[in-house]
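Chemist: For reference, the file my_file-v8.cif (mmCIF, C-alpha atoms and all ligand atoms) is included below:
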data_work
loop_
_atom_site.group_PDB
_atom_site.id
_atom_site.type_symbol
_atom_site.label_atom_id
_atom_site.label_comp_id
_atom_site.auth_asym_id
_atom_site.auth_seq_id
_atom_site.Cartn_x
_atom_site.Cartn_y
_atom_site.Cartn_z
ATOM 1 C CA MET A 99 102.216 101.944 111.235
ATOM 2 C CA ASP A 100 98.691 101.840 109.970
ATOM 3 C CA SER A 101 96.454 98.961 109.243
ATOM 4 C CA THR A 102 93.128 99.341 107.498
ATOM 5 C CA THR A 103 91.465 96.303 109.036
ATOM 6 C CA THR A 104 91.687 94.350 112.261
ATOM 7 C CA GLU A 105 91.379 90.819 110.882
ATOM 8 C CA PRO A 106 93.770 88.476 112.713
ATOM 9 C CA ALA A 107 95.599 87.507 109.493
ATOM 10 C CA GLU A 108 96.367 91.134 108.746
ATOM 11 C CA GLN A 109 97.343 91.850 112.304
ATOM 12 C CA SER A 110 99.954 89.190 112.025
ATOM 13 C CA LEU A 111 101.120 90.496 108.636
ATOM 14 C CA ALA A 112 101.279 93.966 110.183
ATOM 15 C CA THR A 113 103.375 92.578 113.016
ATOM 16 C CA VAL A 114 105.699 90.799 110.612
ATOM 17 C CA LEU A 115 106.087 93.958 108.509
ATOM 18 C CA ALA A 116 106.810 96.045 111.604
ATOM 19 C CA GLU A 117 109.424 93.523 112.719
ATOM 20 C CA ILE A 118 111.111 93.474 109.303
ATOM 21 C CA HIS A 119 111.105 97.259 109.236
ATOM 22 C CA ALA A 120 112.625 97.484 112.725
ATOM 23 C CA ASP A 121 115.256 94.847 111.883
ATOM 24 C CA LEU A 122 116.398 96.645 108.745
ATOM 25 C CA LEU A 123 116.071 100.239 109.919
ATOM 26 C CA ASN A 124 119.715 100.435 110.972
ATOM 27 C CA GLU A 125 121.036 98.728 107.841
ATOM 28 C CA ARG A 126 123.365 101.359 106.397
ATOM 29 C CA SER A 127 125.027 99.593 103.476
ATOM 30 C CA GLY A 128 124.723 100.890 99.936
ATOM 31 C CA GLU A 129 124.887 104.417 98.577
ATOM 32 C CA VAL A 130 122.455 107.040 97.383
ATOM 33 C CA ALA A 131 122.609 107.574 93.609
ATOM 34 C CA ASN A 132 124.290 110.895 92.907
ATOM 35 C CA TYR A 133 124.888 110.828 89.158
ATOM 36 C CA ILE A 134 121.632 112.765 88.918
ATOM 37 C CA PRO A 135 122.608 115.608 91.307
ATOM 38 C CA GLU A 136 119.069 116.286 92.538
ATOM 39 C CA LEU A 137 118.685 112.666 93.735
ATOM 40 C CA ALA A 138 121.542 113.122 96.215
ATOM 41 C CA ARG A 139 119.344 115.543 98.224
ATOM 42 C CA VAL A 140 117.196 112.730 99.600
ATOM 43 C CA ASP A 141 117.390 111.640 103.264
ATOM 44 C CA PRO A 142 119.399 108.386 102.983
ATOM 45 C CA ASP A 143 117.836 106.981 106.155
ATOM 46 C CA SER A 144 114.264 107.054 104.838
ATOM 47 C CA PHE A 145 112.734 103.613 104.853
ATOM 48 C CA GLY A 146 109.207 102.495 104.093
ATOM 49 C CA ILE A 147 107.387 99.306 103.148
ATOM 50 C CA GLY A 148 103.944 99.070 101.570
ATOM 51 C CA VAL A 149 101.796 96.043 100.827
ATOM 52 C CA VAL A 150 98.514 95.999 98.889
ATOM 53 C CA ALA A 151 96.505 92.820 98.367
ATOM 54 C CA VAL A 152 94.513 92.076 95.212
ATOM 55 C CA ASP A 153 91.350 92.519 97.268
ATOM 56 C CA GLY A 154 92.381 96.116 97.995
ATOM 57 C CA ARG A 155 93.422 95.746 101.624
ATOM 58 C CA SER A 156 96.643 97.554 102.407
ATOM 59 C CA LEU A 157 99.335 97.894 105.031
ATOM 60 C CA ALA A 158 102.217 100.312 105.322
ATOM 61 C CA VAL A 159 105.072 100.852 107.730
ATOM 62 C CA GLY A 160 107.728 103.571 108.053
ATOM 63 C CA ASP A 161 108.135 106.286 105.419
ATOM 64 C CA ALA A 162 105.398 104.968 103.160
ATOM 65 C CA GLU A 163 103.925 108.412 102.424
ATOM 66 C CA LEU A 164 107.161 110.197 101.583
ATOM 67 C CA PRO A 165 107.324 111.233 97.907
ATOM 68 C CA PHE A 166 110.312 110.283 95.765
ATOM 69 C CA THR A 167 110.848 109.908 92.017
ATOM 70 C CA ILE A 168 109.827 106.625 90.423
ATOM 71 C CA GLN A 169 112.886 106.454 88.119
ATOM 72 C CA SER A 170 113.341 103.024 86.541
ATOM 73 C CA ALA A 171 110.377 101.566 88.391
ATOM 74 C CA SER A 172 108.403 103.350 85.653
ATOM 75 C CA LYS A 173 109.955 101.133 82.966
ATOM 76 C CA PRO A 174 107.721 98.043 83.251
ATOM 77 C CA PHE A 175 104.589 100.182 82.983
ATOM 78 C CA VAL A 176 105.841 102.152 79.968
ATOM 79 C CA TYR A 177 106.887 98.878 78.333
ATOM 80 C CA GLY A 178 103.295 97.751 78.922
ATOM 81 C CA MET A 179 101.967 100.905 77.267
ATOM 82 C CA ALA A 180 104.199 100.260 74.232
ATOM 83 C CA VAL A 181 102.964 96.650 74.021
ATOM 84 C CA GLU A 182 99.334 97.805 74.169
ATOM 85 C CA GLU A 183 99.956 100.243 71.358
ATOM 86 C CA HIS A 184 102.169 98.126 69.085
ATOM 87 C CA SER A 185 101.547 94.486 70.137
ATOM 88 C CA ARG A 186 104.097 92.090 71.616
ATOM 89 C CA ASP A 187 105.699 91.363 68.240
ATOM 90 C CA GLY A 188 105.671 94.997 67.191
ATOM 91 C CA VAL A 189 107.667 95.882 70.305
ATOM 92 C CA LEU A 190 109.894 92.803 70.044
ATOM 93 C CA ALA A 191 111.040 94.071 66.639
ATOM 94 C CA LYS A 192 112.570 97.073 68.438
ATOM 95 C CA ILE A 193 113.402 95.860 71.954
ATOM 96 C CA GLY A 194 114.721 92.451 73.067
ATOM 97 C CA VAL A 195 113.838 90.656 76.296
ATOM 98 C CA GLN A 196 117.226 89.230 77.143
ATOM 99 C CA PRO A 197 118.911 89.774 80.547
ATOM 100 C CA VAL A 198 122.383 91.334 80.386
ATOM 101 C CA GLU A 199 125.494 91.441 82.507
ATOM 102 C CA GLU A 200 126.237 95.121 81.807
ATOM 103 C CA ALA A 201 125.106 98.064 83.939
ATOM 104 C CA PHE A 202 121.655 99.545 83.296
ATOM 105 C CA ASN A 203 123.115 102.565 81.510
ATOM 106 C CA ALA A 204 125.697 100.703 79.406
ATOM 107 C CA ILE A 205 126.164 102.016 75.877
ATOM 108 C CA ALA A 206 125.446 98.697 74.201
ATOM 109 C CA LEU A 207 122.996 97.174 71.742
ATOM 110 C CA ASP A 208 122.529 93.593 70.565
ATOM 111 C CA GLU A 209 124.956 93.414 67.632
ATOM 112 C CA ALA A 210 122.927 90.830 65.751
ATOM 113 C CA THR A 211 119.707 92.851 65.712
ATOM 114 C CA ASN A 212 120.704 96.399 66.774
ATOM 115 C CA ARG A 213 117.999 96.172 69.424
ATOM 116 C CA PRO A 214 118.500 97.186 73.043
ATOM 117 C CA PHE A 215 118.776 93.972 75.061
ATOM 118 C CA ASN A 216 115.684 94.501 77.184
ATOM 119 C CA PRO A 217 113.208 97.209 78.254
ATOM 120 C CA MET A 218 114.368 97.380 81.879
ATOM 121 C CA ILE A 219 117.763 98.914 81.044
ATOM 122 C CA ASN A 220 117.941 102.513 79.877
ATOM 123 C CA ALA A 221 118.404 101.809 76.154
ATOM 124 C CA GLY A 222 115.337 99.574 75.991
ATOM 125 C CA ALA A 223 113.312 101.890 78.191
ATOM 126 C CA ILE A 224 114.067 104.891 75.969
ATOM 127 C CA ALA A 225 113.072 102.791 72.948
ATOM 128 C CA ALA A 226 109.802 101.867 74.702
ATOM 129 C CA THR A 227 109.086 105.516 75.505
ATOM 130 C CA ASP A 228 109.800 106.345 71.857
ATOM 131 C CA LEU A 229 106.995 103.975 70.830
ATOM 132 C CA LEU A 230 104.382 105.954 72.771
ATOM 133 C CA GLY A 231 102.089 107.750 70.390
ATOM 134 C CA GLY A 232 100.580 111.212 70.448
ATOM 135 C CA ASP A 233 100.600 114.237 68.156
ATOM 136 C CA THR A 234 102.621 116.517 70.378
ATOM 137 C CA ALA A 235 105.027 116.230 73.304
ATOM 138 C CA GLU A 236 102.256 117.462 75.627
ATOM 139 C CA ASP A 237 99.847 114.889 74.271
ATOM 140 C CA ARG A 238 102.321 112.043 74.770
ATOM 141 C CA LEU A 239 103.075 113.160 78.327
ATOM 142 C CA ALA A 240 99.364 113.527 79.138
ATOM 143 C CA ARG A 241 98.661 109.991 77.888
ATOM 144 C CA LEU A 242 101.568 108.553 79.863
ATOM 145 C CA LEU A 243 100.539 110.344 83.058
ATOM 146 C CA ALA A 244 96.930 109.210 82.582
ATOM 147 C CA VAL A 245 98.022 105.556 82.611
ATOM 148 C CA PHE A 246 100.042 106.078 85.811
ATOM 149 C CA GLU A 247 97.054 107.914 87.271
ATOM 150 C CA ARG A 248 94.891 104.852 86.659
ATOM 151 C CA GLY A 249 97.559 102.621 88.193
ATOM 152 C CA CYS A 250 98.100 104.772 91.288
ATOM 153 C CA GLY A 251 94.456 105.702 91.745
ATOM 154 C CA HIS A 252 95.077 109.460 91.822
ATOM 155 C CA PRO A 253 96.629 112.159 89.593
ATOM 156 C CA VAL A 254 100.418 112.015 89.415
ATOM 157 C CA GLU A 255 102.896 114.797 88.755
ATOM 158 C CA VAL A 256 106.463 115.254 87.615
ATOM 159 C CA ASP A 257 109.124 116.519 90.033
ATOM 160 C CA GLU A 258 110.327 119.417 87.893
ATOM 161 C CA GLN A 259 113.612 119.802 89.777
ATOM 162 C CA VAL A 260 114.593 116.173 89.318
ATOM 163 C CA PHE A 261 113.480 116.370 85.690
ATOM 164 C CA ALA A 262 115.669 119.456 85.092
ATOM 165 C CA SER A 263 118.574 117.743 86.828
ATOM 166 C CA GLU A 264 118.196 114.621 84.673
ATOM 167 C CA ARG A 265 117.878 116.612 81.492
ATOM 168 C CA ALA A 266 120.973 118.621 82.353
ATOM 169 C CA THR A 267 123.112 115.573 83.102
ATOM 170 C CA GLY A 268 121.601 112.774 80.990
ATOM 171 C CA GLU A 269 124.445 112.532 78.467
ATOM 172 C CA ARG A 270 124.583 108.721 78.585
ATOM 173 C CA ASP A 271 120.864 108.471 77.863
ATOM 174 C CA ARG A 272 121.304 110.983 75.064
ATOM 175 C CA ALA A 273 124.203 108.921 73.670
ATOM 176 C CA LEU A 274 122.062 105.773 73.794
ATOM 177 C CA ALA A 275 119.240 107.505 71.964
ATOM 178 C CA HIS A 276 121.598 108.718 69.235
ATOM 179 C CA LEU A 277 123.137 105.264 68.892
ATOM 180 C CA MET A 278 119.676 103.720 68.486
ATOM 181 C CA ARG A 279 118.695 106.451 66.052
ATOM 182 C CA SER A 280 121.774 105.713 63.943
ATOM 183 C CA PHE A 281 120.444 102.179 63.491
ATOM 184 C CA GLY A 282 116.913 103.382 62.814
ATOM 185 C CA MET A 283 115.682 101.738 66.014
ATOM 186 C CA ILE A 284 113.960 104.869 67.316
ATOM 187 C CA SER A 285 112.084 107.677 65.609
ATOM 188 C CA ASP A 286 113.508 111.047 64.661
ATOM 189 C CA ARG A 287 111.657 112.772 67.491
ATOM 190 C CA LEU A 288 114.628 111.816 69.628
ATOM 191 C CA GLU A 289 114.833 114.978 71.757
ATOM 192 C CA GLU A 290 111.116 114.820 72.481
ATOM 193 C CA THR A 291 111.367 111.172 73.460
ATOM 194 C CA LEU A 292 114.317 111.855 75.773
ATOM 195 C CA GLU A 293 112.390 114.640 77.514
ATOM 196 C CA LEU A 294 109.425 112.304 77.883
ATOM 197 C CA TYR A 295 111.699 109.590 79.301
ATOM 198 C CA PHE A 296 113.265 112.016 81.802
ATOM 199 C CA ARG A 297 109.793 113.184 82.859
ATOM 200 C CA GLN A 298 108.556 109.593 83.179
ATOM 201 C CA CYS A 299 111.521 108.866 85.497
ATOM 202 C CA SER A 300 110.735 112.015 87.501
ATOM 203 C CA ILE A 301 107.121 111.094 88.324
ATOM 204 C CA LYS A 302 106.564 111.530 92.055
ATOM 205 C CA VAL A 303 105.288 108.469 93.923
ATOM 206 C CA THR A 304 105.171 107.174 97.469
ATOM 207 C CA CYS A 305 105.938 103.688 98.653
ATOM 208 C CA ARG A 306 102.203 103.183 99.010
ATOM 209 C CA ASP A 307 101.677 104.231 95.361
ATOM 210 C CA LEU A 308 104.317 101.749 94.223
ATOM 211 C CA ALA A 309 102.627 98.997 96.231
ATOM 212 C CA VAL A 310 99.321 99.838 94.522
ATOM 213 C CA LEU A 311 101.077 99.725 91.126
ATOM 214 C CA GLY A 312 102.546 96.342 92.066
ATOM 215 C CA ALA A 313 99.124 95.130 93.178
ATOM 216 C CA THR A 314 97.699 96.318 89.854
ATOM 217 C CA LEU A 315 100.183 94.039 88.069
ATOM 218 C CA ALA A 316 99.378 91.228 90.505
ATOM 219 C CA ASN A 317 95.696 91.784 89.730
ATOM 220 C CA GLN A 318 96.020 91.353 85.945
ATOM 221 C CA GLY A 319 96.156 95.075 85.278
ATOM 222 C CA VAL A 320 93.223 96.289 87.376
ATOM 223 C CA ASN A 321 93.924 98.652 90.291
ATOM 224 C CA PRO A 322 92.451 96.660 93.198
ATOM 225 C CA ILE A 323 91.384 99.767 95.115
ATOM 226 C CA THR A 324 89.696 101.857 92.408
ATOM 227 C CA ARG A 325 88.884 98.857 90.130
ATOM 228 C CA GLN A 326 90.176 100.894 87.171
ATOM 229 C CA ARG A 327 92.100 99.031 84.496
ATOM 230 C CA MET A 328 95.659 100.254 83.879
ATOM 231 C CA LEU A 329 96.866 97.620 81.390
ATOM 232 C CA SER A 330 95.297 94.569 79.767
ATOM 233 C CA ALA A 331 95.794 91.138 81.350
ATOM 234 C CA SER A 332 97.818 89.856 78.384
ATOM 235 C CA THR A 333 100.105 92.905 78.520
ATOM 236 C CA VAL A 334 100.636 92.393 82.245
ATOM 237 C CA ARG A 335 101.727 88.845 81.524
ATOM 238 C CA ASP A 336 104.495 90.215 79.266
ATOM 239 C CA VAL A 337 105.406 92.949 81.747
ATOM 240 C CA LEU A 338 105.801 90.479 84.617
ATOM 241 C CA SER A 339 107.902 88.241 82.423
ATOM 242 C CA VAL A 340 110.464 90.964 81.640
ATOM 243 C CA MET A 341 110.463 92.164 85.261
ATOM 244 C CA HIS A 342 111.171 88.620 86.301
ATOM 245 C CA ALA A 343 114.081 88.161 83.888
ATOM 246 C CA CYS A 344 115.581 91.668 83.855
ATOM 247 C CA GLY A 345 113.946 93.920 86.479
ATOM 248 C CA MET A 346 116.858 93.929 88.914
ATOM 249 C CA TYR A 347 119.474 94.305 86.141
ATOM 250 C CA ASN A 348 122.486 92.016 86.535
ATOM 251 C CA PHE A 349 121.276 91.009 89.996
ATOM 252 C CA SER A 350 118.043 89.576 88.514
ATOM 253 C CA GLY A 351 119.178 85.947 88.716
ATOM 254 C CA GLU A 352 120.237 86.173 92.349
ATOM 255 C CA TRP A 353 117.150 88.236 93.177
ATOM 256 C CA ASP A 354 115.020 85.477 91.679
ATOM 257 C CA LEU A 355 116.848 82.840 93.708
ATOM 258 C CA ARG A 356 116.616 84.745 96.987
ATOM 259 C CA ILE A 357 113.367 86.730 96.646
ATOM 260 C CA GLY A 358 111.585 85.018 93.775
ATOM 261 C CA ILE A 359 109.074 87.648 92.706
ATOM 262 C CA PRO A 360 109.093 89.876 89.606
ATOM 263 C CA ALA A 361 110.319 93.306 90.674
ATOM 264 C CA LYS A 362 111.758 96.558 89.392
ATOM 265 C CA SER A 363 114.123 98.967 91.107
ATOM 266 C CA GLY A 364 114.617 102.685 90.575
ATOM 267 C CA VAL A 365 117.582 104.898 91.448
ATOM 268 C CA GLY A 366 115.229 107.070 93.500
ATOM 269 C CA GLY A 367 115.206 104.252 96.068
ATOM 270 C CA GLY A 368 111.924 102.560 95.252
ATOM 271 C CA ILE A 369 111.411 98.896 94.411
ATOM 272 C CA VAL A 370 108.076 97.579 93.164
ATOM 273 C CA GLY A 371 107.256 93.876 93.279
ATOM 274 C CA ALA A 372 104.207 91.863 92.270
ATOM 275 C CA ILE A 373 103.037 88.489 93.481
ATOM 276 C CA PRO A 374 100.487 87.467 90.835
ATOM 277 C CA GLY A 375 97.088 86.713 92.333
ATOM 278 C CA LEU A 376 98.137 87.895 95.789
ATOM 279 C CA GLY A 377 99.290 91.502 95.778
ATOM 280 C CA GLY A 378 101.965 94.126 95.390
ATOM 281 C CA ILE A 379 104.830 95.027 97.684
ATOM 282 C CA ALA A 380 107.052 98.084 97.564
ATOM 283 C CA THR A 381 110.005 99.376 99.503
ATOM 284 C CA PHE A 382 111.576 102.802 99.645
ATOM 285 C CA SER A 383 115.174 103.084 100.796
ATOM 286 C CA PRO A 384 117.525 105.422 98.916
ATOM 287 C CA ARG A 385 120.744 103.568 99.764
ATOM 288 C CA LEU A 386 121.329 101.313 96.761
ATOM 289 C CA ASP A 387 123.452 98.253 96.103
ATOM 290 C CA ALA A 388 126.114 98.701 93.409
ATOM 291 C CA SER A 389 124.134 96.808 90.748
ATOM 292 C CA LEU A 390 121.136 99.133 91.161
ATOM 293 C CA ARG A 391 122.810 102.525 90.924
HETATM 294 N N1 LIG B 1 116.450 108.246 85.102
HETATM 295 C C1 LIG B 1 117.471 107.287 85.368
HETATM 296 C C2 LIG B 1 118.440 107.210 84.200
HETATM 297 O O1 LIG B 1 118.017 107.369 83.106
HETATM 298 C C3 LIG B 1 116.839 105.972 85.655
HETATM 299 C C4 LIG B 1 117.837 104.900 86.036
HETATM 300 C C5 LIG B 1 117.347 103.953 87.110
HETATM 301 O O2 LIG B 1 116.456 104.207 87.898
HETATM 302 N N2 LIG B 1 118.054 102.851 87.215
HETATM 303 O O3 LIG B 1 119.616 107.017 84.355
#
As a first step, turn the structure in this file into C-alpha cells.
Modeler:
Amino acid sequence: MDSTTTEPAEQSLATVLAEIHADLLNERSGEVANYIPELARVDPDSFGIGVVAVDGRSLAVGDAELPFTIQSASKPFVYGMAVEEHSRDGVLAKIGVQPVEEAFNAIALDEATNRPFNPMINAGAIAATDLLGGDTAEDRLARLLAVFERGCGHPVEVDEQVFASERATGERDRALAHLMRSFGMISDRLEETLELYFRQCSIKVTCRDLAVLGATLANQGVNPITRQRMLSASTVRDVLSVMHACGMYNFSGEWDLRIGIPAKSGVGGGIVGAIPGLGGIATFSPRLDASLR
C-alpha cells in the first residue's frame, strides 16, 4: 500500500481501501475471459484498487502497478475523441446511446436506424474508432495513442501479443464491421479500422493509469496530475452520460442502483469509474461476472 500524503482524511481513506482490498482478496467468483486466447494467460488472483482525486492526490492498494490490456475501458475515451472530431450530432447520426439487453459482442444493430445501439458495446465502439481521422493507419494510431498519453500522463504502448491474438480471433468484431459497412454506417477502410480497434483494446495500462483516466473524466477532461487536457469539458459530459447508461453493458441498471457512478469495464479485468468533481477509481481483477465477459 502506498499513500502520497499523511493527511488524516487520506489516512482513513487508505485504511478503508486496505480493508476493502483485504475483504475481497479471497473472492474467487467469476471467470477470466478466454475468447481472446492471450487474455487467459493472466494471473486470475491479481487484484488492485487505485483512487485519484481531482486535486491530484492518489492512493493505491494491491496490484495497482501490474500492466494489463485496457480492452473495452478504452471505449468511452475513443467515443470522446469521435465526438470532438465530429460533434455530438455528427456521432449520433452513426451511433445511438441506448442501453441494450444483449451481450457486448452481439451481432445486432438498431433496425429503425441501422445504428449500433451505443458506443460501449463492440459495434458502437468499432463505429466510433472508424470516425477517427488521419491520413494513414499509422497516423490514426499515433493520434489515438497521443490522447491516451495525455490522459494517463505518460506514453502508452500496445501489447503486441494481445493485439495479434485479438486480430487472429476477432471474427465477431469483423462480422459486426461488415454488417455496419453493408448499411453504409462505417467507412470503406474497414480492415484498417478493425486493426485500430484491436490495437486500442490492447493498450497496456495499470490500475493506477485507469484511476488517473477516471480522475481526468471527473475533472472535466483535464488530467489532475499533469494538468494536461485530454478531452473538452462538453465532450466529457457526453462520455459520462453514455458510461452511466451503458458502461457496464446489461448490468448497467443494477450497477447504477448498487454503485451509482459512471463506469466502464474491460475484459482484461480493469474497471474505470469517475465521480464528477471528486475523482477517479479503478479496479483490476481478471475474474469477470458473466455480463462482463
Ligand atoms: N477487445 C474486446 C473485443 O472486441 C473488447 C471487449 C471488452 O472488453 N468487453 O471483444
Chemist: What's the separation between CA of Glu199 (chain A) and CA of Gln169 (chain A), in Å to one decimal place?
Modeler: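 Separating CA of Glu199 (chain A) from CA of Gln169 (chain A) is a distance of 20.4 Å.
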Chemist: For a cut-off of 12 Å around (116.5, 89.9, 96.5), file coordinates, pick out all residues using only C-alpha atoms and list them as a list in words.
Modeler: His342, Gly345, Met346, Tyr347, Asn348, Phe349, Ser350, Gly351, Glu352, Trp353, Asp354, Leu355, Arg356, Ile357, Gly358, Ile359, Pro360, Ala361, Lys362, Ser363, Ile369, Val370, Gly371, Thr381, Asp387, Ser389 and Leu390 of chain A
Chemist: Quote the spacing between CA of Ile168 (chain A) and CA of Ala221 (chain A) in Å to one decimal place.
Modeler: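 Atom-to-atom, CA of Ile168 (chain A) and CA of Ala221 (chain A) are spaced 17.3 Å apart.
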Chemist: What is the distance between CA of Phe281 (chain A) and CA of Gln298 (chain A), in Å to one decimal?
Modeler: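 A separation of 24.2 Å between them.
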Chemist: Around ligand LIG 1 (chain B), which protein and nucleic acid residues have at least one atom no more than 6 Å from it, if we count all atoms listed in the file? List them as a VMD selection string.
Modeler: chain A and resid 169 to 170 220 296 299 364 to 365
Chemist: Considering all atoms listed in the file, can you say which of A:Gly366, A:Gly222, A:Pro253, A:Pro135 comes closest to Ala204 (chain A)?
Modeler: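 Using all atoms listed in the file, Ala204 (chain A) sits closest to A:Gly222.
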Chemist: Under the rule that only C-alpha atoms are counted, which of A:Pro197, A:Asn317, A:Thr211, A:Asn124 is the nearest residue to Gly282 (chain A)?
Modeler: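 Ranked by minimum distance to Gly282 (chain A), first place goes to A:Thr211.
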Chemist: Considering only C-alpha atoms, can you say which of A:Asp141, A:Glu129, A:Asp271, A:Asp257 comes closest to Ile205 (chain A)?
Modeler: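 Among the listed residues, the smallest separation from Ile205 (chain A) belongs to A:Asp271.
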Chemist: Fewer than 6 positions away in the same chain doesn't count, so skip those; otherwise give me all residues within 6 Å of region 151-153 of chain A, counting all atoms listed in the file, as a short mmCIF file (atom, residue, chain, number, x, y, z; two decimals) with C-alpha atoms, keeping the file's coordinate frame.
Modeler:
data_model
loop_
_atom_site.label_atom_id
_atom_site.label_comp_id
_atom_site.auth_asym_id
_atom_site.auth_seq_id
_atom_site.Cartn_x
_atom_site.Cartn_y
_atom_site.Cartn_z
CA ALA A 313 99.12 95.13 93.18
CA ASN A 317 95.70 91.78 89.73
CA PRO A 322 92.45 96.66 93.20
CA LEU A 376 98.14 87.90 95.79
CA GLY A 377 99.29 91.50 95.78
#
Chemist: Determine, counting all atoms listed in the file, which protein, DNA and RNA residues have an atom within 12 Å of an atom of Ala244 (chain A); residues of the same chain fewer than 2 positions away are not included. Present the result as a PDB file with C-alpha atoms, in the frame of the given file.
Modeler:
ATOM      1  CA  PHE A 175     104.589 100.182  82.983  1.00  0.00           C
ATOM      2  CA  VAL A 176     105.841 102.152  79.968  1.00  0.00           C
ATOM      3  CA  MET A 179     101.967 100.905  77.267  1.00  0.00           C
ATOM      4  CA  ASP A 237      99.847 114.889  74.271  1.00  0.00           C
ATOM      5  CA  ARG A 238     102.321 112.043  74.770  1.00  0.00           C
ATOM      6  CA  LEU A 239     103.075 113.160  78.327  1.00  0.00           C
ATOM      7  CA  ALA A 240      99.364 113.527  79.138  1.00  0.00           C
ATOM      8  CA  ARG A 241      98.661 109.991  77.888  1.00  0.00           C
ATOM      9  CA  LEU A 242     101.568 108.553  79.863  1.00  0.00           C
ATOM     10  CA  PHE A 246     100.042 106.078  85.811  1.00  0.00           C
ATOM     11  CA  GLU A 247      97.054 107.914  87.271  1.00  0.00           C
ATOM     12  CA  ARG A 248      94.891 104.852  86.659  1.00  0.00           C
ATOM     13  CA  GLY A 249      97.559 102.621  88.193  1.00  0.00           C
ATOM     14  CA  CYS A 250      98.100 104.772  91.288  1.00  0.00           C
ATOM     15  CA  GLY A 251      94.456 105.702  91.745  1.00  0.00           C
ATOM     16  CA  HIS A 252      95.077 109.460  91.822  1.00  0.00           C
ATOM     17  CA  PRO A 253      96.629 112.159  89.593  1.00  0.00           C
ATOM     18  CA  VAL A 254     100.418 112.015  89.415  1.00  0.00           C
ATOM     19  CA  GLU A 255     102.896 114.797  88.755  1.00  0.00           C
ATOM     20  CA  GLN A 298     108.556 109.593  83.179  1.00  0.00           C
ATOM     21  CA  ILE A 301     107.121 111.094  88.324  1.00  0.00           C
ATOM     22  CA  GLN A 326      90.176 100.894  87.171  1.00  0.00           C
ATOM     23  CA  ARG A 327      92.100  99.031  84.496  1.00  0.00           C
ATOM     24  CA  MET A 328      95.659 100.254  83.879  1.00  0.00           C
ATOM     25  CA  LEU A 329      96.866  97.620  81.390  1.00  0.00           C
TER      26      LEU A 329
END
Chemist: Using all atoms listed in the file, pick whichever of A:Val340, A:Ser383, A:His119, A:Asp286 has the shortest atom-to-atom distance to Val198 (chain A).
Modeler: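 Using all atoms listed in the file, the shortest distance to Val198 (chain A) belongs to A:Val340.
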Chemist: Need the neighbours of (97.7, 92.0, 83.8): which residues are at most 8 Å away, counting all atoms listed in the file, as a list in words?
Modeler: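 The answer, in the requested form, is Thr314, Leu315, Ala316, Asn317, Gln318, Gly319, Val320, Leu329, Ser330, Ala331, Ser332, Thr333, Val334 and Arg335 of chain A.
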Chemist: Find the smallest box with edges along x, y and z containing every listed atom of region 311-329 of chain A, then add 5 Å on each side and report centre and edge lengths in Å to one decimal, as JSON.
Modeler:
{"center_x": 95.7, "center_y": 96.5, "center_z": 88.3, "size_x": 23.7, "size_y": 20.6, "size_z": 23.7}
Chemist: A:Met283, A:Leu294, A:Cys305, A:Leu115: which is nearest Ala262 (chain A), counting only C-alpha atoms?
Modeler: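 That would be A:Leu294, the residue with the smallest distance to Ala262 (chain A).
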Chemist: Fewer than 4 positions away in the same chain doesn't count, so skip those; otherwise give me all residues within 12 Å of Glu269 (chain A), counting only C-alpha atoms, as number ranges by chain.
Modeler: A: 133-134, 203-205, 263-265, 273-276, 289, 292, 296
Chemist: Excluding same-chain residues fewer than 4 positions from region 154-161 of chain A, what lies within 6 Å of it counting only C-alpha atoms, as a list in words?
Modeler: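 Answer for this query is Met99, Ser101, Phe145, Gly146, Ile147, Gly148, Val149, Val150, Pro322 and Ile323 of chain A.
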Chemist: Generate the output file for the selected residues, C-alpha atoms, as a PDB file, in the frame of the given file.
Modeler:
ATOM      1  CA  MET A  99     102.216 101.944 111.235  1.00  0.00           C
ATOM      2  CA  SER A 101      96.454  98.961 109.243  1.00  0.00           C
ATOM      3  CA  PHE A 145     112.734 103.613 104.853  1.00  0.00           C
ATOM      4  CA  GLY A 146     109.207 102.495 104.093  1.00  0.00           C
ATOM      5  CA  ILE A 147     107.387  99.306 103.148  1.00  0.00           C
ATOM      6  CA  GLY A 148     103.944  99.070 101.570  1.00  0.00           C
ATOM      7  CA  VAL A 149     101.796  96.043 100.827  1.00  0.00           C
ATOM      8  CA  VAL A 150      98.514  95.999  98.889  1.00  0.00           C
ATOM      9  CA  PRO A 322      92.451  96.660  93.198  1.00  0.00           C
ATOM     10  CA  ILE A 323      91.384  99.767  95.115  1.00  0.00           C
TER      11      ILE A 323
END
Chemist: Got a sec to resolve the PyMOL selection byres (((chain A and resi 174) around 8) and not hetatm) on this structure and send the residues as number ranges by chain?
Modeler: A: 171-173, 175-178, 217-218, 337-338, 340-341, 362
Chemist: Excluding same-chain residues fewer than 4 positions from Arg287 (chain A), what lies within 10 Å of it counting only C-alpha atoms, as number ranges by chain?
Modeler: A: 228, 235, 279, 291-292
Chemist: Could the residues in this selection be written to a file with C-alpha atoms, as a PDB file, keeping the file's coordinate frame?
Modeler:
ATOM      1  CA  ASP A 228     109.800 106.345  71.857  1.00  0.00           C
ATOM      2  CA  ALA A 235     105.027 116.230  73.304  1.00  0.00           C
ATOM      3  CA  ARG A 279     118.695 106.451  66.052  1.00  0.00           C
ATOM      4  CA  THR A 291     111.367 111.172  73.460  1.00  0.00           C
ATOM      5  CA  LEU A 292     114.317 111.855  75.773  1.00  0.00           C
TER       6      LEU A 292
END
Chemist: Could you check which of A:Ile224, A:Val310, A:Ile284, A:Ile219 is closest to Ala343 (chain A), using all atoms listed in the file?
Modeler: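 Counting all atoms listed in the file, the residue closest to Ala343 (chain A) is A:Ile219.
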